[in-house]
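J.: Sharing my_file-v7.cif below, mmCIF, C-alpha atoms:
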data_run
loop_
_atom_site.label_atom_id
_atom_site.label_comp_id
_atom_site.auth_asym_id
_atom_site.auth_seq_id
_atom_site.Cartn_x
_atom_site.Cartn_y
_atom_site.Cartn_z
CA MET Y 204 -14.67 -32.72 16.64
CA ASP Y 205 -15.12 -31.83 12.97
CA GLU Y 206 -12.17 -30.26 11.21
CA PRO Y 207 -12.66 -26.58 10.27
CA ARG Y 208 -13.75 -26.11 6.67
CA LYS Y 209 -10.92 -25.20 4.37
CA ARG Y 210 -11.23 -21.77 2.76
CA LEU Y 211 -11.01 -22.98 -0.85
CA SER Y 212 -12.80 -26.31 -0.56
CA GLY Y 213 -14.40 -27.32 -3.86
CA LYS Y 214 -12.69 -24.57 -5.86
CA VAL Y 215 -10.54 -25.00 -8.95
CA ALA Y 216 -7.51 -22.71 -9.25
CA ILE Y 217 -5.02 -22.11 -12.08
CA ILE Y 218 -1.71 -20.53 -11.08
CA THR Y 219 0.75 -19.60 -13.82
CA GLY Y 220 4.45 -19.50 -13.08
CA SER Y 221 3.97 -21.92 -10.19
CA ALA Y 222 7.14 -23.99 -10.61
CA SER Y 223 8.93 -21.64 -8.20
CA GLY Y 224 8.72 -18.48 -6.13
CA ILE Y 225 5.40 -16.79 -5.37
CA GLY Y 226 3.48 -19.11 -7.68
CA ARG Y 227 4.77 -22.26 -6.00
CA ALA Y 228 4.14 -20.90 -2.50
CA THR Y 229 0.60 -19.93 -3.50
CA ALA Y 230 -0.07 -23.30 -5.12
CA LEU Y 231 1.01 -25.15 -1.99
CA LEU Y 232 -1.15 -22.92 0.21
CA PHE Y 233 -4.19 -23.22 -2.08
CA GLY Y 234 -3.75 -26.99 -2.08
CA ARG Y 235 -3.70 -27.07 1.72
CA GLU Y 236 -6.85 -24.94 1.73
CA GLY Y 237 -8.74 -27.48 -0.36
CA ALA Y 238 -8.43 -26.18 -3.93
CA GLN Y 239 -7.80 -28.37 -6.94
CA VAL Y 240 -4.73 -26.64 -8.37
CA VAL Y 241 -3.54 -26.49 -11.97
CA ILE Y 242 0.19 -25.79 -12.11
CA ALA Y 243 0.99 -23.95 -15.36
CA ASP Y 244 4.60 -23.24 -16.30
CA ILE Y 245 7.25 -23.66 -18.99
CA ASN Y 246 9.48 -25.30 -16.35
CA GLU Y 247 8.06 -28.82 -16.49
CA ALA Y 248 10.44 -30.33 -13.93
CA GLY Y 249 9.76 -27.58 -11.39
CA GLY Y 250 6.04 -27.64 -12.12
CA ARG Y 251 5.82 -31.38 -11.53
CA ARG Y 252 7.70 -30.98 -8.27
CA THR Y 253 5.02 -28.51 -7.16
CA VAL Y 254 2.32 -31.02 -8.12
CA ASP Y 255 4.08 -33.77 -6.18
CA ALA Y 256 4.41 -31.54 -3.11
CA ILE Y 257 0.67 -30.76 -3.16
CA ARG Y 258 -0.24 -34.42 -3.57
CA GLU Y 259 2.11 -35.49 -0.78
CA ARG Y 260 0.10 -33.23 1.53
CA GLY Y 261 -3.17 -34.85 0.45
CA GLY Y 262 -4.17 -32.24 -2.13
CA GLU Y 263 -5.20 -32.49 -5.77
CA ALA Y 264 -3.12 -30.97 -8.56
CA LEU Y 265 -2.10 -31.40 -12.18
CA PHE Y 266 0.59 -29.89 -14.38
CA VAL Y 267 -0.03 -28.12 -17.70
CA PHE Y 268 2.83 -26.88 -19.87
CA ALA Y 269 2.02 -23.32 -20.92
CA ASP Y 270 4.00 -20.49 -22.45
CA VAL Y 271 1.79 -17.66 -21.24
CA THR Y 272 2.96 -15.38 -24.06
CA VAL Y 273 1.35 -17.69 -26.64
CA ALA Y 274 -2.42 -17.52 -27.11
CA ALA Y 275 -2.76 -21.16 -28.15
CA ASP Y 276 -0.97 -22.32 -24.99
CA VAL Y 277 -3.19 -20.20 -22.75
CA GLN Y 278 -6.33 -21.48 -24.51
CA ARG Y 279 -5.09 -25.05 -24.04
CA MET Y 280 -4.45 -24.34 -20.35
CA ILE Y 281 -7.99 -23.02 -19.88
CA ASN Y 282 -9.63 -25.79 -21.91
CA GLY Y 283 -7.58 -28.49 -20.18
CA THR Y 284 -8.64 -27.23 -16.77
CA VAL Y 285 -12.32 -27.26 -17.72
CA GLU Y 286 -11.97 -30.76 -19.18
CA ALA Y 287 -10.29 -32.02 -16.00
CA TYR Y 288 -12.35 -30.25 -13.34
CA GLY Y 289 -15.41 -28.77 -15.06
CA ARG Y 290 -14.88 -25.15 -14.03
CA ILE Y 291 -12.39 -22.39 -13.12
CA ASP Y 292 -13.03 -20.54 -9.87
CA ILE Y 293 -9.66 -18.83 -9.49
CA LEU Y 294 -7.07 -17.71 -12.02
CA MET Y 295 -3.81 -16.28 -10.74
CA ASN Y 296 -1.86 -14.65 -13.57
CA ASN Y 297 1.48 -14.85 -11.85
CA ALA Y 298 4.13 -15.79 -14.42
CA GLY Y 299 6.69 -13.08 -14.99
CA ILE Y 300 10.33 -12.19 -15.56
CA GLY Y 301 12.57 -9.36 -14.46
CA HIS Y 302 14.96 -7.19 -16.45
CA ARG Y 303 17.28 -4.55 -15.05
CA VAL Y 304 19.04 -1.98 -17.27
CA PRO Y 305 18.57 1.76 -17.82
CA VAL Y 306 16.17 2.71 -20.60
CA VAL Y 307 18.99 3.72 -22.99
CA GLU Y 308 20.46 0.20 -22.68
CA CYS Y 309 17.16 -1.66 -23.02
CA SER Y 310 17.01 -3.40 -26.39
CA GLU Y 311 13.79 -3.61 -28.36
CA GLU Y 312 13.94 -7.39 -28.08
CA ASP Y 313 14.23 -7.30 -24.27
CA TRP Y 314 11.45 -4.71 -24.05
CA ASP Y 315 9.12 -6.92 -26.13
CA ARG Y 316 10.04 -10.04 -24.14
CA VAL Y 317 9.29 -8.44 -20.77
CA ILE Y 318 6.04 -6.83 -21.94
CA ALA Y 319 4.90 -10.15 -23.45
CA THR Y 320 5.70 -12.19 -20.35
CA ASP Y 321 4.58 -9.76 -17.68
CA LEU Y 322 1.64 -7.94 -19.35
CA LYS Y 323 0.44 -9.73 -22.49
CA SER Y 324 0.15 -12.92 -20.43
CA VAL Y 325 -2.35 -11.24 -18.10
CA PHE Y 326 -4.40 -10.07 -21.09
CA LEU Y 327 -4.44 -13.61 -22.52
CA GLY Y 328 -5.32 -15.25 -19.20
CA CYS Y 329 -8.25 -12.89 -18.66
CA LYS Y 330 -9.36 -13.14 -22.30
CA TYR Y 331 -9.76 -16.92 -22.19
CA ALA Y 332 -10.77 -17.49 -18.55
CA ILE Y 333 -13.49 -14.84 -18.28
CA PRO Y 334 -15.93 -16.50 -20.72
CA VAL Y 335 -15.75 -19.67 -18.59
CA MET Y 336 -16.37 -17.67 -15.42
CA VAL Y 337 -19.29 -15.79 -17.00
CA ARG Y 338 -20.96 -19.08 -18.00
CA GLN Y 339 -20.57 -20.60 -14.55
CA GLY Y 340 -21.80 -17.50 -12.71
CA GLY Y 341 -18.61 -15.92 -11.41
CA GLY Y 342 -15.00 -16.31 -10.43
CA THR Y 343 -11.90 -14.58 -9.13
CA ILE Y 344 -8.80 -13.39 -10.96
CA ILE Y 345 -5.62 -12.36 -9.16
CA ASN Y 346 -2.90 -10.63 -11.18
CA THR Y 347 0.64 -10.45 -9.84
CA ALA Y 348 1.85 -6.92 -10.48
CA SER Y 349 4.61 -5.28 -8.41
CA GLY Y 350 5.46 -2.30 -6.30
CA ALA Y 351 7.37 -1.26 -9.43
CA GLY Y 352 4.01 -0.95 -11.17
CA LEU Y 353 2.94 1.69 -8.66
CA LEU Y 354 6.19 3.53 -7.98
CA GLY Y 355 8.61 2.49 -10.71
CA ALA Y 356 11.84 0.64 -9.96
CA PRO Y 357 15.41 1.79 -10.63
CA ARG Y 358 16.93 0.61 -13.91
CA SER Y 359 13.77 -1.33 -14.81
CA PRO Y 360 11.86 0.52 -17.56
CA ALA Y 361 10.29 -2.52 -19.26
CA TYR Y 362 9.44 -4.25 -15.98
CA SER Y 363 7.96 -1.10 -14.43
CA ALA Y 364 5.91 -0.37 -17.55
CA ALA Y 365 4.61 -3.95 -17.74
CA LYS Y 366 3.65 -4.09 -14.08
CA GLY Y 367 2.05 -0.65 -14.24
CA GLY Y 368 0.06 -1.96 -17.18
CA VAL Y 369 -1.07 -4.93 -15.08
CA VAL Y 370 -2.40 -2.56 -12.40
CA ILE Y 371 -4.48 -0.43 -14.78
CA LEU Y 372 -5.62 -3.47 -16.81
CA THR Y 373 -6.84 -5.03 -13.57
CA LYS Y 374 -8.90 -1.94 -12.77
CA GLN Y 375 -10.32 -1.73 -16.30
CA ILE Y 376 -11.38 -5.39 -16.63
CA ALA Y 377 -12.75 -5.45 -13.08
CA ASN Y 378 -15.12 -2.63 -14.00
CA ASP Y 379 -16.32 -4.42 -17.13
CA TYR Y 380 -17.14 -7.72 -15.41
CA ALA Y 381 -18.30 -6.75 -11.92
CA ARG Y 382 -21.94 -7.43 -12.86
CA ASP Y 383 -20.92 -10.95 -13.92
CA ASN Y 384 -19.80 -11.69 -10.35
CA ILE Y 385 -16.13 -11.75 -11.38
CA ARG Y 386 -13.70 -10.11 -8.99
CA ILE Y 387 -10.29 -9.04 -10.33
CA ASN Y 388 -7.54 -7.68 -8.10
CA ALA Y 389 -3.78 -7.21 -8.30
CA ILE Y 390 -1.05 -7.97 -5.80
CA CYS Y 391 1.86 -5.52 -5.87
CA PRO Y 392 4.71 -7.05 -3.87
CA GLY Y 393 7.83 -5.26 -2.88
CA ALA Y 394 11.14 -7.14 -2.85
CA VAL Y 395 10.33 -10.87 -2.53
CA ASP Y 396 12.92 -13.56 -1.85
CA THR Y 397 12.69 -15.36 -5.21
CA PRO Y 398 15.23 -16.26 -7.94
CA LEU Y 399 14.19 -13.12 -9.89
CA MET Y 400 16.05 -11.01 -7.33
CA ALA Y 401 19.41 -12.31 -8.58
CA VAL Y 402 19.56 -9.53 -11.20
CA VAL Y 403 19.33 -6.97 -8.40
CA TYR Y 404 21.99 -8.65 -6.24
CA ARG Y 405 24.33 -8.86 -9.22
CA ASP Y 406 24.14 -5.08 -9.63
CA ILE Y 407 25.48 -4.74 -6.10
CA SER Y 408 28.14 -7.46 -5.98
CA GLU Y 409 29.50 -10.29 -8.09
CA ASP Y 410 28.96 -12.46 -5.00
CA LEU Y 411 25.18 -13.01 -4.98
CA GLU Y 412 25.03 -13.80 -1.25
CA GLU Y 413 26.92 -10.60 -0.49
CA GLY Y 414 24.66 -8.66 -2.83
CA LYS Y 415 21.59 -10.07 -1.09
CA ARG Y 416 22.96 -9.19 2.36
CA ILE Y 417 23.67 -5.59 1.33
CA TYR Y 418 20.30 -5.22 -0.39
CA GLU Y 419 18.39 -6.52 2.64
CA SER Y 420 20.27 -4.14 4.91
CA ARG Y 421 18.73 -1.24 2.96
CA LEU Y 422 15.12 -2.41 3.41
CA PRO Y 423 12.89 -0.87 6.11
CA ARG Y 424 12.35 -4.28 7.78
CA GLY Y 425 15.88 -5.41 7.09
CA LYS Y 426 14.75 -8.48 5.16
CA LEU Y 427 13.00 -9.55 1.98
CA ILE Y 428 9.35 -10.58 1.83
CA ALA Y 429 8.90 -14.36 1.94
CA PRO Y 430 6.91 -15.86 -0.97
CA GLU Y 431 4.55 -17.37 1.61
CA GLU Y 432 3.57 -13.89 2.80
CA VAL Y 433 2.46 -12.98 -0.72
CA ALA Y 434 0.67 -16.34 -0.99
CA HIS Y 435 -1.45 -15.50 2.04
CA THR Y 436 -2.47 -12.24 0.37
CA ALA Y 437 -3.55 -14.28 -2.66
CA LEU Y 438 -5.55 -16.61 -0.40
CA TYR Y 439 -7.29 -13.60 1.12
CA LEU Y 440 -8.22 -12.32 -2.34
CA ALA Y 441 -9.33 -15.77 -3.54
CA SER Y 442 -11.62 -16.48 -0.61
CA ASP Y 443 -15.36 -15.86 -0.55
CA GLU Y 444 -14.93 -13.33 2.26
CA LEU Y 445 -14.23 -10.48 -0.19
CA GLY Y 446 -17.42 -10.42 -2.21
CA PHE Y 447 -17.32 -6.66 -2.89
CA ILE Y 448 -13.60 -6.07 -3.28
CA THR Y 449 -12.55 -5.75 -6.92
CA GLY Y 450 -10.32 -3.58 -9.08
CA ASN Y 451 -7.78 -2.95 -6.34
CA PRO Y 452 -3.97 -3.09 -6.26
CA PHE Y 453 -2.79 -4.57 -2.94
CA PHE Y 454 0.70 -3.33 -2.03
CA VAL Y 455 2.50 -5.99 0.01
#
Give the structure from this file in structure tokens form.
T.:
Amino acid sequence: MDEPRKRLSGKVAIITGSASGIGRATALLFGREGAQVVIADINEAGGRRTVDAIRERGGEALFVFADVTVAADVQRMINGTVEAYGRIDILMNNAGIGHRVPVVECSEEDWDRVIATDLKSVFLGCKYAIPVMVRQGGGTIINTASGAGLLGAPRSPAYSAAKGGVVILTKQIANDYARDNIRINAICPGAVDTPLMAVVYRDISEDLEEGKRIYESRLPRGKLIAPEEVAHTALYLASDELGFITGNPFFV
């Protein structure tokens, strides 16, 4: 009996921030589903571990060092992918950082750093990937926003503003490029079990494990979202089954 066709067979995907967390989980899933995956991160050791994990499972992947706040790095990431694989079918602008202080304690430097990493990076990824997608006849972009971008998050002015910007930027660019067969959507996760949550746990307790336990006890389901659950949302958005879904924030 023939094996079922994988959902991303023949597709080329770039995932930024894929050395850990949501990005890594998505990269592993995309690799299992047949995509050729470009792992883009400033964490070279973690990024290469993601590549190795994909290859160990029979997939195809390569690592590209990229600081997504720097235009030249993002251009190099895009150009390197085209040189290696000839096209870009999926871009997941996922890299991001957290920051947790009240607005009156947020320094200008921290504000600029969070906006650059969480919002400017999405602008740069779209700016340089879209011309490639237009030339090849289409593509899919998935931007990792946050529930904070829809509702705001306590003590997180820069993060909430950046992720809210990602949501509206997704809608705006999706409208501009719908006729070019480019779909652009955003994923807005709630609390996901990634290293970024440490800043939240530390607000609750000096003992991070204790802080995590208390935080989870306050959640409706009593536990954090697993990165793999967000990855499956990304797979849904990346697949060809959603031909007319664009410009939407998906709250996970």
J.: For the file shown, what are the residues hit by the PyMOL selection byres ((chain Y and resi 263-276) around 7), laid out as a ChimeraX atom specification?
T.: /Y:234,239-245,247,250-251,254,257-258,261-262,277-280,319-320,323-324,327
J.: Name the closest residue to Y:Gly283 among the candidates Y:Ala238, Y:Val395, Y:Ile217, Y:Ala389; distances are taken between atoms, counting only C-alpha atoms.
T.: Y:Ile217
J.: How would you write, as a short mmCIF file (atom, residue, chain, number, x, y, z; two decimals) with C-alpha atoms, in the coordinates of the input, the residues chosen by the PyMOL selection byres ((chain Y and resi 215) around 9) on this structure?
T.:
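This is the output file out_27.cif:
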data_model
loop_
_atom_site.label_atom_id
_atom_site.label_comp_id
_atom_site.auth_asym_id
_atom_site.auth_seq_id
_atom_site.Cartn_x
_atom_site.Cartn_y
_atom_site.Cartn_z
CA LEU Y 211 -11.01 -22.98 -0.85
CA SER Y 212 -12.80 -26.31 -0.56
CA GLY Y 213 -14.40 -27.32 -3.86
CA LYS Y 214 -12.69 -24.57 -5.86
CA ALA Y 216 -7.51 -22.71 -9.25
CA ILE Y 217 -5.02 -22.11 -12.08
CA ALA Y 238 -8.43 -26.18 -3.93
CA GLN Y 239 -7.80 -28.37 -6.94
CA VAL Y 240 -4.73 -26.64 -8.37
CA VAL Y 241 -3.54 -26.49 -11.97
CA THR Y 284 -8.64 -27.23 -16.77
CA TYR Y 288 -12.35 -30.25 -13.34
CA GLY Y 289 -15.41 -28.77 -15.06
CA ARG Y 290 -14.88 -25.15 -14.03
CA ILE Y 291 -12.39 -22.39 -13.12
CA ASP Y 292 -13.03 -20.54 -9.87
CA ILE Y 293 -9.66 -18.83 -9.49
CA LEU Y 294 -7.07 -17.71 -12.02
#
J.: Within 12 Å of (16.9, -4.5, 4.3) (file coordinates; all atoms listed in the file), which protein or nucleic acid residues are there? I'd like them as a list in words.
T.: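 Here is the list of nearby residues: Gly393, Ala394, Val395, Asp396, Gly414, Lys415, Arg416, Ile417, Tyr418, Glu419, Ser420, Arg421, Leu422, Pro423, Arg424, Gly425, Lys426, Leu427 and Ile428 of chain Y.
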J.: Hey, which of Y:Gly226, Y:Gly299, Y:Pro357, Y:Gly340 ends up closest to Y:Arg382? Count all atoms listed in the file.
T.: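 Comparing Y:Gly226, Y:Gly299, Y:Pro357, Y:Gly340 against Y:Arg382, the winner is Y:Gly340.
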